[in-house]
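Let me begin by presenting the structure, written as structure tokens, before commenting on it.
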Amino acid sequence: MLSQSLFFVAYLMTLPTVFMVPFAGVIMYEWLQYLPPYDIYYAPPEGNFSVIVGVLTLFTWAAKDKKERPAAIGLIVLFATYIIWVNVTQMTTIMGEAGVSLWERALKMLLFTFVLCFMMQTRQRLEAFIWVLCLAIGNFVFSGAIKTILSGGGGETVVGGAANIIGDRVYFAAVVSAVIPLGRYLRDNATLVPWPRYVRWFVDGFTIACLLSIIGCQSRSGLLCLGVLGVFYFFKSRQKILYLLTLPILIGVMYLFAPPEWFGRMETMNDLSNDASVQGRFDSWRWGWEFALNHPIVGGGFHSFAGRLEAHNMYVETLADHGFPGLGLLMLLQLVTYLNCQVIRGRTRKIAELSWARDLAGMIQLAEVTFIVGSMAISDSTLSLGFEFVALTVGLRGIVERHIASTKPVFQTEEQRLARPVLQPAPAFAPAASAVGFRR
């Protein structure tokens with residue numbers, strides 16, 4: 001196939017750049033994660049294209065990339081503790097082989113994202129990562145928006161690829177909603193693209209496409225995500241009046257293109273007691289809670305919900321898989337990520353050249369809160385986006401702290417000042433240096 005051939009050519013041409021710039025491997029890995037080659041480009045699944053990129057990136061980073069001391073040490077230690085704990089629970093699993101494939105996928109993602117914390121060293125790298133994330137997801141939201149406008153969308157058509165991590169409409173709604181704030185950051189602060197006007201137009205179109213595709217996927221959790229995002233965005237926005245004037249227009253666009261099926265599905269939220277889908281979720285949550293009470297420390301290991309449909313909640317799944325310590329570590333990791341962003345906003349408040357960092361920290365907070373709301377309905381505790389917020393925050397905190405340290409004035413004690421050699425003034429009759437002549 002043509003698409004397969006073009007993918008192989010692009011892959012083989014891009015792979016050598018990882019040897020020169022290890023962060024290029026991060027860009028490739030992120031792109032392949034949201035656009036799986038075997039699903040999007042019809043490449044053979046046994047190719048392990050993302051694994052090759054990931055391993056090569058880690059080795060080249062360890063060998064040649066410049067290392068900076070991270071600033072958010074507590075957040076990194078917490079992240080490492082979480083990674084260690086989920087592996088401990090897998091070693092003591094009672095699920096046998098049921099969760100091995102899920103554990104392998106989670107381990108690769110967590111280790112790569114952990115190393116990513118150390119690779120986010122510059123503003124350009126942060127921005128490049130966000131661009132790739134938005135463009136990869138944009139592949140689905142733009143087509144999803146068109147489907148919504150033309151046909152009203154649908155729960156099986158407006159989603160990511162079949163083998164994608166956002167191939168389910170609930171996952172799709174959670175991830176797309178969370179990416180909107182990151183796109184808004186690019187709108188006002190992008191530096192890698194030299195056409196700011198076109199960047200603003202593109203991001204505005206991307207935002208509208210996200211809203212329409214979320215409507216088109218007809219996920220009730222998507223409506224909750226948008227509601228939370230809308231409220232919190234108001235408090236973070238610097239142009240609150242403009243936001244209040246624009247919001248009714250966006251709601252009107254969504255209302256105009258939302259199909260009758262969407263309104264019917266959203267109305268079911270008024271009577272959850274008679275909704276079989278919702279009751280099934282409640283049953284899964286009760287089962288997960290009871291399972292955790294019987295295995296409170298290490299849980300059952302990955303895929304403890306084997307034999308049941310799914311957990312329908314990232315936190316319930318974490319509780320069942322990794323026990324109460326695992327759930328506590330995950331929630332603490334999210335809280336500390338949010339608080340680190342708040343620290344960044346406070347430390348950059350009066351530094352004009354770091355206004356972009358303050359904006360990004362605020363947008364990461366918005367994205368994380370939105371993702372947390374959406375994750376209440378997803379069944380994958382290893383979805384990468386939530387952990388990528390950790391990496392973005394660690395990198396951003398390091399950039400901010402290094403900038404502040406480099407511009408901080410150096411104060412000397414009285415003893416240090418007196419210890420400096422005193423320069424004797426030149427005699428009044430001494431000739432100028434140019435007259436003495438260093439030329440012969």
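We label chains A, B, ... in the order they appear in the structure tokens, count residues from 1 in each chain, and number ligands from 1 in the order shown.
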
For segment 74-122 of chain A versus segment 17-29 of chain A, which residues have an atom no more than 12 Å away, and what is each residue's nearest atom pair and distance in Å rounded to one decimal, using only C-alpha atoms, chain-then-number order, as JSON lines?
```
{"residue": "A:Lys108", "atom": "CA", "partner": "A:Tyr29", "partner_atom": "CA", "distance": 11.5}
{"residue": "A:Met109", "atom": "CA", "partner": "A:Tyr29", "partner_atom": "CA", "distance": 10.3}
{"residue": "A:Phe112", "atom": "CA", "partner": "A:Val26", "partner_atom": "CA", "distance": 8.9}
{"residue": "A:Thr113", "atom": "CA", "partner": "A:Val26", "partner_atom": "CA", "distance": 9.5}
{"residue": "A:Val115", "atom": "CA", "partner": "A:Val26", "partner_atom": "CA", "distance": 10.1}
{"residue": "A:Leu116", "atom": "CA", "partner": "A:Val26", "partner_atom": "CA", "distance": 7.8}
{"residue": "A:Cys117", "atom": "CA", "partner": "A:Val26", "partner_atom": "CA", "distance": 11.3}
{"residue": "A:Phe118", "atom": "CA", "partner": "A:Phe23", "partner_atom": "CA", "distance": 10.7}
{"residue": "A:Met119", "atom": "CA", "partner": "A:Phe23", "partner_atom": "CA", "distance": 7.1}
{"residue": "A:Met120", "atom": "CA", "partner": "A:Phe23", "partner_atom": "CA", "distance": 8.6}
{"residue": "A:Gln121", "atom": "CA", "partner": "A:Phe23", "partner_atom": "CA", "distance": 10.1}
{"residue": "A:Thr122", "atom": "CA", "partner": "A:Phe23", "partner_atom": "CA", "distance": 10.9}
```

Selected residue of minimal separation from Leu339 of chain A among A:Gly74, A:Gly398, A:Pro37, A:Gly54, counting only C-alpha atoms =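 That would be A:Gly74, the residue with the smallest distance to Leu339 of chain A.
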
Proximity to Thr92 of chain A - best of A:Val394, A:Val400, A:Val298, A:Met314, only C-alpha atoms = A:Val298

Among the residues of segment 126-161 of chain A, find those DSSP assigns to helix (DSSP H, G or I) from the backbone and print them as a PyMOL selection string.
-> chain A and resi 126-151

Using only C-alpha atoms, which residue out of A:Gln342, A:Thr60, A:Thr207, A:Thr14 lies closest to Leu360 of chain A?
->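 Of A:Gln342, A:Thr60, A:Thr207, A:Thr14, the one nearest Leu360 of chain A is A:Gln342, counting only C-alpha atoms.
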
Residues within 12 Å of Gly252 of chain A, only C-alpha atoms, excluding chain neighbours under 5 positions, as a PyMOL selection string | chain A and resi 208+211-212+245-247+257-258

Could you tell me which of A:Ile404, A:Ala190, A:Leu244, A:Val170 comes closest to Ser379 of chain A if we count only C-alpha atoms?
->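 Result for the nearest residue to Ser379 of chain A: A:Val170.
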
Check which residues of segment 272-345 of chain A sit at most 12 Å from segment 220-242 of chain A using only C-alpha atoms, and return one row each with the closest pair of atoms and their distance in Å to one decimal, ordered by chain and rising number, as a Markdown table.
```
| residue | atom | partner | partner_atom | distance |
| --- | --- | --- | --- | --- |
| A:Leu272 | CA | A:Arg220 | CA | 11.6 |
| A:Ser277 | CA | A:Arg220 | CA | 11.3 |
| A:Val278 | CA | A:Arg220 | CA | 10.6 |
| A:His312 | CA | A:Ser221 | CA | 11.2 |
| A:Asn313 | CA | A:Ser221 | CA | 11.4 |
| A:Gln342 | CA | A:Lys236 | CA | 11.6 |
| A:Arg345 | CA | A:Lys236 | CA | 11.1 |
```

Contacts of Thr382 of chain A within 12 Å, only C-alpha atoms, excl. fewer than 4 positions in-chain, as a PyMOL selection string | chain A and resi 82-83+86+102-111+113+165+171+302-303+313-315+317-318+321+330+375+378+386-388

Rank nothing, just name the residue among A:Phe7, A:Trp61, A:Phe172, A:Phe389 nearest to Asp39 of chain A, using only C-alpha atoms.
-> A:Phe7

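For the pair atom CA of Val203 of chain A and atom CA of Ala361 of chain A, the interatomic distance is 18.5 Å.
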
Given the choices A:Thr268, A:Asn294, A:Phe114, A:Leu58, which gets closest to Ile84 of chain A if the distance is worked out from only C-alpha atoms?
->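 Residue with the minimum atom-to-atom distance to Ile84 of chain A: A:Phe114.
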
Close residues, segment 286-289 of chain A itself excluded, 8 Å, only C-alpha atoms, min 6 positions apart in chain, as a list of chain:residue names = A:Phe305, A:Ala311, A:Val316, A:Glu317, A:Leu319, A:Ala320

Could you please take those selected residues and save C-alpha atoms as a PDB file, in the first residue's frame?
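As written to disk, result14.pdb reads:
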```pdb
ATOM      1  CA  PHE A 305     -10.728  -6.917  36.733  1.00  0.00           C
ATOM      2  CA  ALA A 311     -13.303  -1.002  35.942  1.00  0.00           C
ATOM      3  CA  VAL A 316     -10.947   2.051  41.174  1.00  0.00           C
ATOM      4  CA  GLU A 317      -8.746   0.082  38.782  1.00  0.00           C
ATOM      5  CA  LEU A 319      -7.064   0.478  43.891  1.00  0.00           C
ATOM      6  CA  ALA A 320      -7.835  -3.078  42.796  1.00  0.00           C
TER       7      ALA A 320
END
```

Go ahead and compute the interatomic distance for atom CA of Met254 of chain A and atom CA of Arg187 of chain A, in Å to one decimal.
->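 Value for the atom CA of Met254 of chain A-atom CA of Arg187 of chain A distance: 21.3 Å.
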
Contacts of Phe140 of chain A at 9 Å or less, counting only C-alpha atoms, minus same-chain residues fewer than 3 places along, as a count of residues only?
-> 10

Contact residues around Ala306 of chain A with only C-alpha atoms at 10 Å, ignoring same-chain residues under 6 positions, as a compact mmCIF listing (two decimals) with N, CA and C atoms, in the first residue's frame:
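Saved file result14.txt follows:
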```txt
# COMPACT_ATOMS: atom_id res chain seq x y z
N MET A 95 -3.08 -12.70 39.80
CA MET A 95 -3.80 -12.84 38.54
C MET A 95 -3.08 -13.73 37.53
N ALA A 98 -2.66 -13.15 33.42
CA ALA A 98 -3.72 -12.29 32.88
C ALA A 98 -3.26 -10.87 32.66
N GLY A 99 -2.39 -10.36 33.54
CA GLY A 99 -2.01 -8.96 33.44
C GLY A 99 -0.61 -8.72 32.92
```
